[in-house]
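Undergrad: File follows, model33.pdb with PDB, C-alpha atoms:
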MODEL        1
ATOM      1  CA  ASN A   1     -43.256 -18.898 -43.769
ATOM      2  CA  THR A   2     -46.705 -19.414 -42.294
ATOM      3  CA  LYS A   3     -46.443 -20.608 -38.692
ATOM      4  CA  VAL A   4     -49.038 -23.245 -37.882
ATOM      5  CA  VAL A   5     -49.586 -24.657 -34.416
ATOM      6  CA  VAL A   6     -50.858 -28.231 -34.640
ATOM      7  CA  ILE A   7     -52.580 -29.341 -31.440
ATOM      8  CA  ASP A   8     -53.035 -33.088 -31.832
ATOM      9  CA  SER A   9     -51.231 -36.378 -31.155
ATOM     10  CA  GLY A  10     -47.781 -35.164 -32.247
ATOM     11  CA  ILE A  11     -45.878 -35.732 -35.494
ATOM     12  CA  ALA A  12     -43.870 -38.867 -36.290
ATOM     13  CA  ASN A  13     -40.393 -38.687 -37.813
ATOM     14  CA  TYR A  14     -41.549 -40.568 -40.952
ATOM     15  CA  SER A  15     -43.907 -37.713 -41.899
ATOM     16  CA  GLY A  16     -42.806 -35.212 -44.529
ATOM     17  CA  ALA A  17     -44.012 -32.507 -42.159
ATOM     18  CA  TYR A  18     -41.507 -33.616 -39.502
ATOM     19  CA  THR A  19     -38.649 -31.629 -41.052
ATOM     20  CA  HIS A  20     -40.770 -28.470 -40.814
ATOM     21  CA  ILE A  21     -41.215 -28.613 -37.047
ATOM     22  CA  ILE A  22     -39.623 -25.560 -35.445
ATOM     23  CA  GLU A  23     -40.864 -26.277 -31.900
ATOM     24  CA  SER A  24     -42.391 -29.335 -30.268
ATOM     25  CA  TYR A  25     -44.154 -29.762 -26.921
ATOM     26  CA  ALA A  26     -45.947 -32.466 -24.978
ATOM     27  CA  VAL A  27     -48.754 -31.369 -22.676
ATOM     28  CA  ILE A  28     -49.177 -33.995 -19.979
ATOM     29  CA  ARG A  29     -50.921 -34.597 -16.686
ATOM     30  CA  GLY A  30     -48.262 -35.505 -14.140
ATOM     31  CA  GLU A  31     -48.540 -38.005 -11.300
ATOM     32  CA  ASP A  32     -49.465 -35.117  -8.998
ATOM     33  CA  ASP A  33     -52.390 -34.351 -11.398
ATOM     34  CA  GLU A  34     -50.672 -31.094 -12.367
ATOM     35  CA  ILE A  35     -50.516 -30.246 -16.066
ATOM     36  CA  LYS A  36     -47.031 -29.769 -17.453
ATOM     37  CA  ILE A  37     -45.858 -28.467 -20.811
ATOM     38  CA  LEU A  38     -42.557 -29.990 -21.828
ATOM     39  CA  SER A  39     -40.354 -29.080 -24.760
ATOM     40  CA  CYS A  40     -39.476 -32.383 -26.426
ATOM     41  CA  GLU A  41     -38.731 -34.259 -29.623
ATOM     42  CA  SER A  42     -41.934 -34.735 -31.587
ATOM     43  CA  MET A  43     -43.424 -38.210 -31.756
ATOM     44  CA  ASP A  44     -46.837 -39.626 -32.534
ATOM     45  CA  TYR A  45     -48.110 -42.897 -31.080
ATOM     46  CA  ILE A  46     -51.406 -43.082 -33.003
ATOM     47  CA  GLY A  47     -50.728 -41.298 -36.311
ATOM     48  CA  HIS A  48     -53.551 -38.738 -36.251
ATOM     49  CA  GLY A  49     -51.352 -35.665 -35.797
ATOM     50  CA  SER A  50     -48.900 -36.969 -38.401
ATOM     51  CA  ALA A  51     -51.705 -37.324 -40.943
ATOM     52  CA  VAL A  52     -53.094 -33.852 -40.201
ATOM     53  CA  SER A  53     -49.632 -32.276 -40.378
ATOM     54  CA  HIS A  54     -48.897 -34.056 -43.642
ATOM     55  CA  ILE A  55     -52.046 -32.564 -45.197
ATOM     56  CA  ILE A  56     -51.037 -29.079 -44.015
ATOM     57  CA  TYR A  57     -47.488 -29.564 -45.317
ATOM     58  CA  SER A  58     -48.755 -30.956 -48.647
ATOM     59  CA  GLU A  59     -50.823 -27.831 -49.197
ATOM     60  CA  ASN A  60     -48.029 -25.458 -48.088
ATOM     61  CA  PRO A  61     -44.480 -26.886 -48.181
ATOM     62  CA  ASP A  62     -43.129 -23.596 -46.800
ATOM     63  CA  VAL A  63     -44.956 -24.047 -43.501
ATOM     64  CA  ASP A  64     -43.264 -23.844 -40.097
ATOM     65  CA  ILE A  65     -44.981 -26.211 -37.655
ATOM     66  CA  ILE A  66     -45.206 -25.901 -33.898
ATOM     67  CA  SER A  67     -46.424 -29.234 -32.540
ATOM     68  CA  PHE A  68     -48.359 -29.673 -29.304
ATOM     69  CA  ARG A  69     -48.964 -33.323 -28.435
ATOM     70  CA  ILE A  70     -52.039 -33.396 -26.178
ATOM     71  CA  CYS A  71     -52.790 -37.133 -26.375
ATOM     72  CA  ASN A  72     -50.680 -40.272 -26.556
ATOM     73  CA  ASP A  73     -52.440 -43.569 -27.188
ATOM     74  CA  THR A  74     -55.993 -42.428 -27.858
ATOM     75  CA  ILE A  75     -57.570 -39.383 -29.505
ATOM     76  CA  GLU A  76     -59.636 -38.698 -26.367
ATOM     77  CA  ILE A  77     -59.119 -35.062 -25.390
ATOM     78  CA  ASP A  78     -58.571 -33.927 -21.800
ATOM     79  CA  GLU A  79     -60.180 -30.486 -21.536
ATOM     80  CA  ASP A  80     -57.627 -29.211 -19.010
ATOM     81  CA  ILE A  81     -54.758 -30.262 -21.287
ATOM     82  CA  LEU A  82     -56.371 -28.541 -24.291
ATOM     83  CA  LEU A  83     -56.888 -25.394 -22.209
ATOM     84  CA  ALA A  84     -53.255 -25.478 -21.041
ATOM     85  CA  ALA A  85     -51.994 -25.837 -24.622
ATOM     86  CA  LEU A  86     -54.145 -22.934 -25.852
ATOM     87  CA  ASP A  87     -53.139 -20.774 -22.879
ATOM     88  CA  TYR A  88     -49.460 -21.467 -23.567
ATOM     89  CA  VAL A  89     -49.877 -20.585 -27.243
ATOM     90  CA  GLU A  90     -51.713 -17.363 -26.370
ATOM     91  CA  LYS A  91     -48.965 -16.272 -23.963
ATOM     92  CA  TRP A  92     -45.765 -17.553 -25.552
ATOM     93  CA  VAL A  93     -46.086 -18.635 -29.182
ATOM     94  CA  ASP A  94     -45.876 -16.469 -32.285
ATOM     95  CA  ALA A  95     -48.182 -18.153 -34.814
ATOM     96  CA  ASP A  96     -50.502 -17.399 -37.716
ATOM     97  CA  ILE A  97     -52.874 -20.361 -37.449
ATOM     98  CA  ILE A  98     -53.825 -22.948 -34.839
ATOM     99  CA  ASN A  99     -55.162 -26.262 -36.147
ATOM    100  CA  ILE A 100     -57.092 -28.529 -33.781
ATOM    101  CA  SER A 101     -58.370 -31.615 -35.593
ATOM    102  CA  ALA A 102     -60.135 -32.778 -32.459
ATOM    103  CA  GLY A 103     -62.573 -31.423 -29.959
ATOM    104  CA  LEU A 104     -64.883 -31.968 -27.030
ATOM    105  CA  THR A 105     -68.527 -32.922 -27.360
ATOM    106  CA  TYR A 106     -69.097 -31.732 -23.804
ATOM    107  CA  SER A 107     -67.251 -28.901 -22.106
ATOM    108  CA  TYR A 108     -67.121 -28.529 -18.340
ATOM    109  CA  LYS A 109     -65.124 -25.321 -18.764
ATOM    110  CA  CYS A 110     -66.908 -23.822 -21.750
ATOM    111  CA  ASN A 111     -66.466 -20.203 -20.585
ATOM    112  CA  GLU A 112     -62.724 -20.656 -20.019
ATOM    113  CA  LEU A 113     -62.316 -22.335 -23.396
ATOM    114  CA  CYS A 114     -64.261 -19.583 -25.151
ATOM    115  CA  ASP A 115     -62.283 -16.871 -23.322
ATOM    116  CA  ILE A 116     -58.906 -18.269 -24.370
ATOM    117  CA  CYS A 117     -60.111 -18.639 -27.970
ATOM    118  CA  ARG A 118     -61.296 -15.023 -27.878
ATOM    119  CA  LYS A 119     -57.889 -13.836 -26.583
ATOM    120  CA  ILE A 120     -56.074 -15.771 -29.296
ATOM    121  CA  SER A 121     -58.407 -14.469 -31.998
ATOM    122  CA  LYS A 122     -57.909 -10.867 -30.842
ATOM    123  CA  LYS A 123     -54.163 -11.346 -31.397
ATOM    124  CA  GLY A 124     -54.925 -12.061 -35.072
ATOM    125  CA  ILE A 125     -54.268 -15.803 -34.882
ATOM    126  CA  LEU A 126     -56.779 -17.923 -36.813
ATOM    127  CA  ILE A 127     -58.114 -20.965 -35.000
ATOM    128  CA  VAL A 128     -59.416 -23.848 -37.108
ATOM    129  CA  SER A 129     -61.064 -26.727 -35.291
ATOM    130  CA  ALA A 130     -62.867 -29.847 -36.459
ATOM    131  CA  PHE A 131     -66.351 -30.778 -35.426
ATOM    132  CA  ASP A 132     -66.982 -34.242 -34.042
ATOM    133  CA  ASN A 133     -66.863 -36.982 -36.716
ATOM    134  CA  SER A 134     -70.334 -38.233 -35.806
ATOM    135  CA  GLY A 135     -71.897 -34.797 -36.327
ATOM    136  CA  ALA A 136     -72.181 -33.674 -32.705
ATOM    137  CA  ILE A 137     -71.673 -30.055 -31.745
ATOM    138  CA  SER A 138     -68.172 -29.776 -30.391
ATOM    139  CA  TYR A 139     -65.831 -27.339 -28.728
ATOM    140  CA  PRO A 140     -63.938 -25.242 -29.612
ATOM    141  CA  ALA A 141     -65.252 -25.566 -33.206
ATOM    142  CA  MET A 142     -68.636 -24.065 -32.321
ATOM    143  CA  PHE A 143     -67.282 -20.755 -30.955
ATOM    144  CA  ASN A 144     -67.599 -17.600 -33.070
ATOM    145  CA  GLU A 145     -63.850 -17.013 -32.695
ATOM    146  CA  VAL A 146     -63.057 -20.378 -34.288
ATOM    147  CA  ILE A 147     -63.426 -21.576 -37.861
ATOM    148  CA  GLY A 148     -65.360 -24.798 -37.310
ATOM    149  CA  VAL A 149     -64.992 -27.353 -40.089
ATOM    150  CA  ASP A 150     -66.935 -30.507 -40.793
ATOM    151  CA  THR A 151     -67.266 -33.071 -43.549
ATOM    152  CA  VAL A 152     -70.227 -33.780 -45.760
ATOM    153  CA  ARG A 153     -71.313 -37.115 -47.157
ATOM    154  CA  PHE A 154     -71.783 -35.791 -50.665
ATOM    155  CA  TYR A 155     -69.366 -33.861 -52.817
ATOM    156  CA  ASP A 156     -68.191 -33.770 -56.399
ATOM    157  CA  SER A 157     -64.498 -33.309 -55.724
ATOM    158  CA  LYS A 158     -62.135 -33.687 -52.777
ATOM    159  CA  ASP A 159     -61.234 -30.016 -53.330
ATOM    160  CA  GLU A 160     -64.829 -28.827 -53.011
ATOM    161  CA  ILE A 161     -65.632 -26.512 -50.115
ATOM    162  CA  ILE A 162     -69.157 -25.838 -48.944
ATOM    163  CA  ILE A 163     -69.648 -22.649 -46.955
ATOM    164  CA  THR A 164     -72.677 -22.224 -44.722
ATOM    165  CA  LYS A 165     -74.061 -18.921 -43.518
ATOM    166  CA  ASN A 166     -75.709 -18.190 -40.187
ATOM    167  CA  GLY A 167     -74.805 -21.589 -38.727
ATOM    168  CA  ILE A 168     -72.200 -22.868 -36.311
ATOM    169  CA  VAL A 169     -70.313 -24.775 -39.006
ATOM    170  CA  ASP A 170     -68.132 -22.344 -40.928
TER     171      ASP A 170
ENDMDL
END
Could you show the structure in this file as structure tokens?

TA:
Amino acid sequence: NTKVVVIDSGIANYSGAYTHIIESYAVIRGEDDEIKILSCESMDYIGHGSAVSHIIYSENPDVDIISFRICNDTIEIDEDILLAALDYVEKWVDADIINISAGLTYSYKCNELCDICRKISKKGILIVSAFDNSGAISYPAMFNEVIGVDTVRFYDSKDEIIITKNGIVD
């Protein structure tokens, strides 16, 4: 089975993808401001990660999902939490693909984020990350080591894919 790491808001137990979770983590900022990665039952308080995981599962029902919940009640991304999740994956998780359907429109730690994406890519793990919904350049989608995806306002079919060359959107 293809092992896909989903870094998002978690996966709810009502999702068809839920039964394909083989590992689940929450990445949180503790009261002492230290970032902790906890193995836990998967849950999703806002539904975004559940929707993303359902799409992945619908396209490949033989998928094994490793869920990293990096946000709880809002889709706002904490850069340190994203970095911690990616670092953990790079060091400890055997995966084929990482899906991040979120990103940062401003990175205070751009070099660190790029470095961890480069390390992951060198291990042969594909990283797919969404660009910002309003069209802004976002991280990590813009890095060469990441397949950055975006939507277009015009298309003939929901299955249509438009590939650009020599741009930051892949």

Undergrad: Translate the PyMOL selection byres ((chain A and resi 104-106) around 10) into a concrete residue list for this structure, as number ranges by chain.

TA: A: 76-79, 82, 102-103, 107-110, 130-132, 135-141

Undergrad: Pull the closest atom pair for each residue of segment 33-60 of chain A that gets at most 10 Å from segment 94-99 of chain A, along with the distance in Å to one decimal, counting all atoms listed in the file, ordering rows by chain and then ascending residue number, as a Markdown table.

TA:
| residue | atom | partner | partner_atom | distance |
| --- | --- | --- | --- | --- |
| A:Val52 | CA | A:Asn99 | CA | 8.8 |
| A:Ser53 | CA | A:Asn99 | CA | 9.2 |
| A:Ile56 | CA | A:Asn99 | CA | 9.3 |

Undergrad: Applied to this file, what does the PyMOL selection byres ((chain A and resi 9-21) around 10) return in terms of residues, put as a VMD selection string?

TA: chain A and resid 3 to 8 22 to 26 41 to 58 61 to 77 101 to 102

Undergrad: Could you save those same residues with C-alpha atoms as a PDB file, in the coordinates of the input?

TA:
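Saved as out29.pdb:
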ATOM      1  CA  LYS A   3     -46.443 -20.608 -38.692  1.00  0.00           C
ATOM      2  CA  VAL A   4     -49.038 -23.245 -37.882  1.00  0.00           C
ATOM      3  CA  VAL A   5     -49.586 -24.657 -34.416  1.00  0.00           C
ATOM      4  CA  VAL A   6     -50.858 -28.231 -34.640  1.00  0.00           C
ATOM      5  CA  ILE A   7     -52.580 -29.341 -31.440  1.00  0.00           C
ATOM      6  CA  ASP A   8     -53.035 -33.088 -31.832  1.00  0.00           C
ATOM      7  CA  ILE A  22     -39.623 -25.560 -35.445  1.00  0.00           C
ATOM      8  CA  GLU A  23     -40.864 -26.277 -31.900  1.00  0.00           C
ATOM      9  CA  SER A  24     -42.391 -29.335 -30.268  1.00  0.00           C
ATOM     10  CA  TYR A  25     -44.154 -29.762 -26.921  1.00  0.00           C
ATOM     11  CA  ALA A  26     -45.947 -32.466 -24.978  1.00  0.00           C
ATOM     12  CA  GLU A  41     -38.731 -34.259 -29.623  1.00  0.00           C
ATOM     13  CA  SER A  42     -41.934 -34.735 -31.587  1.00  0.00           C
ATOM     14  CA  MET A  43     -43.424 -38.210 -31.756  1.00  0.00           C
ATOM     15  CA  ASP A  44     -46.837 -39.626 -32.534  1.00  0.00           C
ATOM     16  CA  TYR A  45     -48.110 -42.897 -31.080  1.00  0.00           C
ATOM     17  CA  ILE A  46     -51.406 -43.082 -33.003  1.00  0.00           C
ATOM     18  CA  GLY A  47     -50.728 -41.298 -36.311  1.00  0.00           C
ATOM     19  CA  HIS A  48     -53.551 -38.738 -36.251  1.00  0.00           C
ATOM     20  CA  GLY A  49     -51.352 -35.665 -35.797  1.00  0.00           C
ATOM     21  CA  SER A  50     -48.900 -36.969 -38.401  1.00  0.00           C
ATOM     22  CA  ALA A  51     -51.705 -37.324 -40.943  1.00  0.00           C
ATOM     23  CA  VAL A  52     -53.094 -33.852 -40.201  1.00  0.00           C
ATOM     24  CA  SER A  53     -49.632 -32.276 -40.378  1.00  0.00           C
ATOM     25  CA  HIS A  54     -48.897 -34.056 -43.642  1.00  0.00           C
ATOM     26  CA  ILE A  55     -52.046 -32.564 -45.197  1.00  0.00           C
ATOM     27  CA  ILE A  56     -51.037 -29.079 -44.015  1.00  0.00           C
ATOM     28  CA  TYR A  57     -47.488 -29.564 -45.317  1.00  0.00           C
ATOM     29  CA  SER A  58     -48.755 -30.956 -48.647  1.00  0.00           C
ATOM     30  CA  PRO A  61     -44.480 -26.886 -48.181  1.00  0.00           C
ATOM     31  CA  ASP A  62     -43.129 -23.596 -46.800  1.00  0.00           C
ATOM     32  CA  VAL A  63     -44.956 -24.047 -43.501  1.00  0.00           C
ATOM     33  CA  ASP A  64     -43.264 -23.844 -40.097  1.00  0.00           C
ATOM     34  CA  ILE A  65     -44.981 -26.211 -37.655  1.00  0.00           C
ATOM     35  CA  ILE A  66     -45.206 -25.901 -33.898  1.00  0.00           C
ATOM     36  CA  SER A  67     -46.424 -29.234 -32.540  1.00  0.00           C
ATOM     37  CA  PHE A  68     -48.359 -29.673 -29.304  1.00  0.00           C
ATOM     38  CA  ARG A  69     -48.964 -33.323 -28.435  1.00  0.00           C
ATOM     39  CA  ILE A  70     -52.039 -33.396 -26.178  1.00  0.00           C
ATOM     40  CA  CYS A  71     -52.790 -37.133 -26.375  1.00  0.00           C
ATOM     41  CA  ASN A  72     -50.680 -40.272 -26.556  1.00  0.00           C
ATOM     42  CA  ASP A  73     -52.440 -43.569 -27.188  1.00  0.00           C
ATOM     43  CA  THR A  74     -55.993 -42.428 -27.858  1.00  0.00           C
ATOM     44  CA  ILE A  75     -57.570 -39.383 -29.505  1.00  0.00           C
ATOM     45  CA  GLU A  76     -59.636 -38.698 -26.367  1.00  0.00           C
ATOM     46  CA  ILE A  77     -59.119 -35.062 -25.390  1.00  0.00           C
ATOM     47  CA  SER A 101     -58.370 -31.615 -35.593  1.00  0.00           C
ATOM     48  CA  ALA A 102     -60.135 -32.778 -32.459  1.00  0.00           C
TER      49      ALA A 102
END

Undergrad: Please, what distance in Å, to one decimal, runs between atom CA of Lys119 of chain A and atom CA of Ser134 of chain A?

TA: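 Straight-line distance from atom CA of Lys119 of chain A to atom CA of Ser134 of chain A works out to 28.9 Å.
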
Undergrad: Any idea what the distance is between atom CA of Leu83 of chain A and atom CA of Cys117 of chain A?

TA: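 Result for atom CA of Leu83 of chain A versus atom CA of Cys117 of chain A: 9.4 Å, one decimal.
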
Undergrad: Between atom CA of Asn60 of chain A and atom CA of Thr2 of chain A, what is the distance, to one decimal in Å?

TA: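 Between these atoms lies a distance of 8.5 Å.
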
Undergrad: Mind telling me what the PyMOL selection byres ((chain A and resi 128) around 6) catches here, as JSON, numbers by chain?

TA: {"A": [99, 127, 129, 146, 147]}

Undergrad: Using only C-alpha atoms for the distances, tell me which of A:Ala84, A:Val27, A:Val93, A:Leu38 is nearest to Ile125 of chain A.

TA: A:Val93

Undergrad: Neighbours of Arg29 of chain A within 10 Å (all atoms listed in the file; same-chain residues fewer than 5 positions away dropped), as a VMD selection string?

TA: chain A and resid 34 to 37 70 78 80 to 81

Undergrad: Could you turn the residues from that selection into a file that holds C-alpha atoms, as an mmCIF file, in the coordinates of the input?

TA:
data_model
loop_
_atom_site.group_PDB
_atom_site.id
_atom_site.type_symbol
_atom_site.label_atom_id
_atom_site.label_comp_id
_atom_site.auth_asym_id
_atom_site.auth_seq_id
_atom_site.Cartn_x
_atom_site.Cartn_y
_atom_site.Cartn_z
ATOM 1 C CA GLU A 34 -50.672 -31.094 -12.367
ATOM 2 C CA ILE A 35 -50.516 -30.246 -16.066
ATOM 3 C CA LYS A 36 -47.031 -29.769 -17.453
ATOM 4 C CA ILE A 37 -45.858 -28.467 -20.811
ATOM 5 C CA ILE A 70 -52.039 -33.396 -26.178
ATOM 6 C CA ASP A 78 -58.571 -33.927 -21.800
ATOM 7 C CA ASP A 80 -57.627 -29.211 -19.010
ATOM 8 C CA ILE A 81 -54.758 -30.262 -21.287
#

Undergrad: Hey, which of A:Ile100, A:Ile120, A:Cys40, A:Val89 ends up closest to Val149 of chain A? Count all atoms listed in the file.

TA: A:Ile100

Undergrad: Give me segment 48-67 of chain A from this structure - N, CA and C atoms, as a PDB file, in the first residue's frame.

TA:
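The resulting file, part14.pdb, is reproduced below:
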ATOM      1  N   HIS A  48     -11.292  19.936   7.739  1.00  0.00           N
ATOM      2  CA  HIS A  48     -10.430  20.106   6.563  1.00  0.00           C
ATOM      3  C   HIS A  48      -9.601  18.853   6.291  1.00  0.00           C
ATOM      4  N   GLY A  49      -8.929  18.345   7.290  1.00  0.00           N
ATOM      5  CA  GLY A  49      -8.108  17.142   7.116  1.00  0.00           C
ATOM      6  C   GLY A  49      -8.931  15.927   6.740  1.00  0.00           C
ATOM      7  N   SER A  50     -10.149  15.841   7.279  1.00  0.00           N
ATOM      8  CA  SER A  50     -11.052  14.735   6.930  1.00  0.00           C
ATOM      9  C   SER A  50     -11.416  14.792   5.452  1.00  0.00           C
ATOM     10  N   ALA A  51     -11.707  15.993   4.964  1.00  0.00           N
ATOM     11  CA  ALA A  51     -12.064  16.149   3.548  1.00  0.00           C
ATOM     12  C   ALA A  51     -10.890  15.797   2.641  1.00  0.00           C
ATOM     13  N   VAL A  52      -9.712  16.288   2.983  1.00  0.00           N
ATOM     14  CA  VAL A  52      -8.505  16.001   2.192  1.00  0.00           C
ATOM     15  C   VAL A  52      -8.224  14.498   2.191  1.00  0.00           C
ATOM     16  N   SER A  53      -8.286  13.889   3.356  1.00  0.00           N
ATOM     17  CA  SER A  53      -8.018  12.445   3.462  1.00  0.00           C
ATOM     18  C   SER A  53      -9.039  11.627   2.700  1.00  0.00           C
ATOM     19  N   HIS A  54     -10.293  12.080   2.715  1.00  0.00           N
ATOM     20  CA  HIS A  54     -11.333  11.371   1.974  1.00  0.00           C
ATOM     21  C   HIS A  54     -11.051  11.407   0.469  1.00  0.00           C
ATOM     22  N   ILE A  55     -10.583  12.526  -0.034  1.00  0.00           N
ATOM     23  CA  ILE A  55     -10.230  12.621  -1.458  1.00  0.00           C
ATOM     24  C   ILE A  55      -9.090  11.656  -1.781  1.00  0.00           C
ATOM     25  N   ILE A  56      -8.072  11.632  -0.939  1.00  0.00           N
ATOM     26  CA  ILE A  56      -6.939  10.715  -1.149  1.00  0.00           C
ATOM     27  C   ILE A  56      -7.426   9.270  -1.128  1.00  0.00           C
ATOM     28  N   TYR A  57      -8.230   8.925  -0.132  1.00  0.00           N
ATOM     29  CA  TYR A  57      -8.763   7.570  -0.005  1.00  0.00           C
ATOM     30  C   TYR A  57      -9.673   7.212  -1.185  1.00  0.00           C
ATOM     31  N   SER A  58     -10.471   8.162  -1.655  1.00  0.00           N
ATOM     32  CA  SER A  58     -11.367   7.903  -2.786  1.00  0.00           C
ATOM     33  C   SER A  58     -10.594   7.571  -4.052  1.00  0.00           C
ATOM     34  N   GLU A  59      -9.456   8.201  -4.214  1.00  0.00           N
ATOM     35  CA  GLU A  59      -8.618   7.949  -5.391  1.00  0.00           C
ATOM     36  C   GLU A  59      -7.787   6.675  -5.249  1.00  0.00           C
ATOM     37  N   ASN A  60      -7.480   6.263  -4.011  1.00  0.00           N
ATOM     38  CA  ASN A  60      -6.666   5.077  -3.777  1.00  0.00           C
ATOM     39  C   ASN A  60      -7.143   4.391  -2.492  1.00  0.00           C
ATOM     40  N   PRO A  61      -8.120   3.486  -2.591  1.00  0.00           N
ATOM     41  CA  PRO A  61      -8.650   2.829  -1.398  1.00  0.00           C
ATOM     42  C   PRO A  61      -7.654   1.913  -0.694  1.00  0.00           C
ATOM     43  N   ASP A  62      -6.505   1.653  -1.315  1.00  0.00           N
ATOM     44  CA  ASP A  62      -5.490   0.812  -0.683  1.00  0.00           C
ATOM     45  C   ASP A  62      -4.438   1.633   0.054  1.00  0.00           C
ATOM     46  N   VAL A  63      -4.734   2.880   0.324  1.00  0.00           N
ATOM     47  CA  VAL A  63      -3.779   3.777   0.962  1.00  0.00           C
ATOM     48  C   VAL A  63      -3.660   3.482   2.459  1.00  0.00           C
ATOM     49  N   ASP A  64      -2.451   3.656   2.989  1.00  0.00           N
ATOM     50  CA  ASP A  64      -2.215   3.664   4.430  1.00  0.00           C
ATOM     51  C   ASP A  64      -1.930   5.114   4.800  1.00  0.00           C
ATOM     52  N   ILE A  65      -2.668   5.649   5.768  1.00  0.00           N
ATOM     53  CA  ILE A  65      -2.560   7.062   6.118  1.00  0.00           C
ATOM     54  C   ILE A  65      -1.887   7.231   7.468  1.00  0.00           C
ATOM     55  N   ILE A  66      -0.963   8.165   7.512  1.00  0.00           N
ATOM     56  CA  ILE A  66      -0.319   8.578   8.753  1.00  0.00           C
ATOM     57  C   ILE A  66      -0.731  10.037   8.963  1.00  0.00           C
ATOM     58  N   SER A  67      -1.529  10.269   9.986  1.00  0.00           N
ATOM     59  CA  SER A  67      -2.129  11.583  10.213  1.00  0.00           C
ATOM     60  C   SER A  67      -1.317  12.398  11.219  1.00  0.00           C
TER      61      SER A  67
END
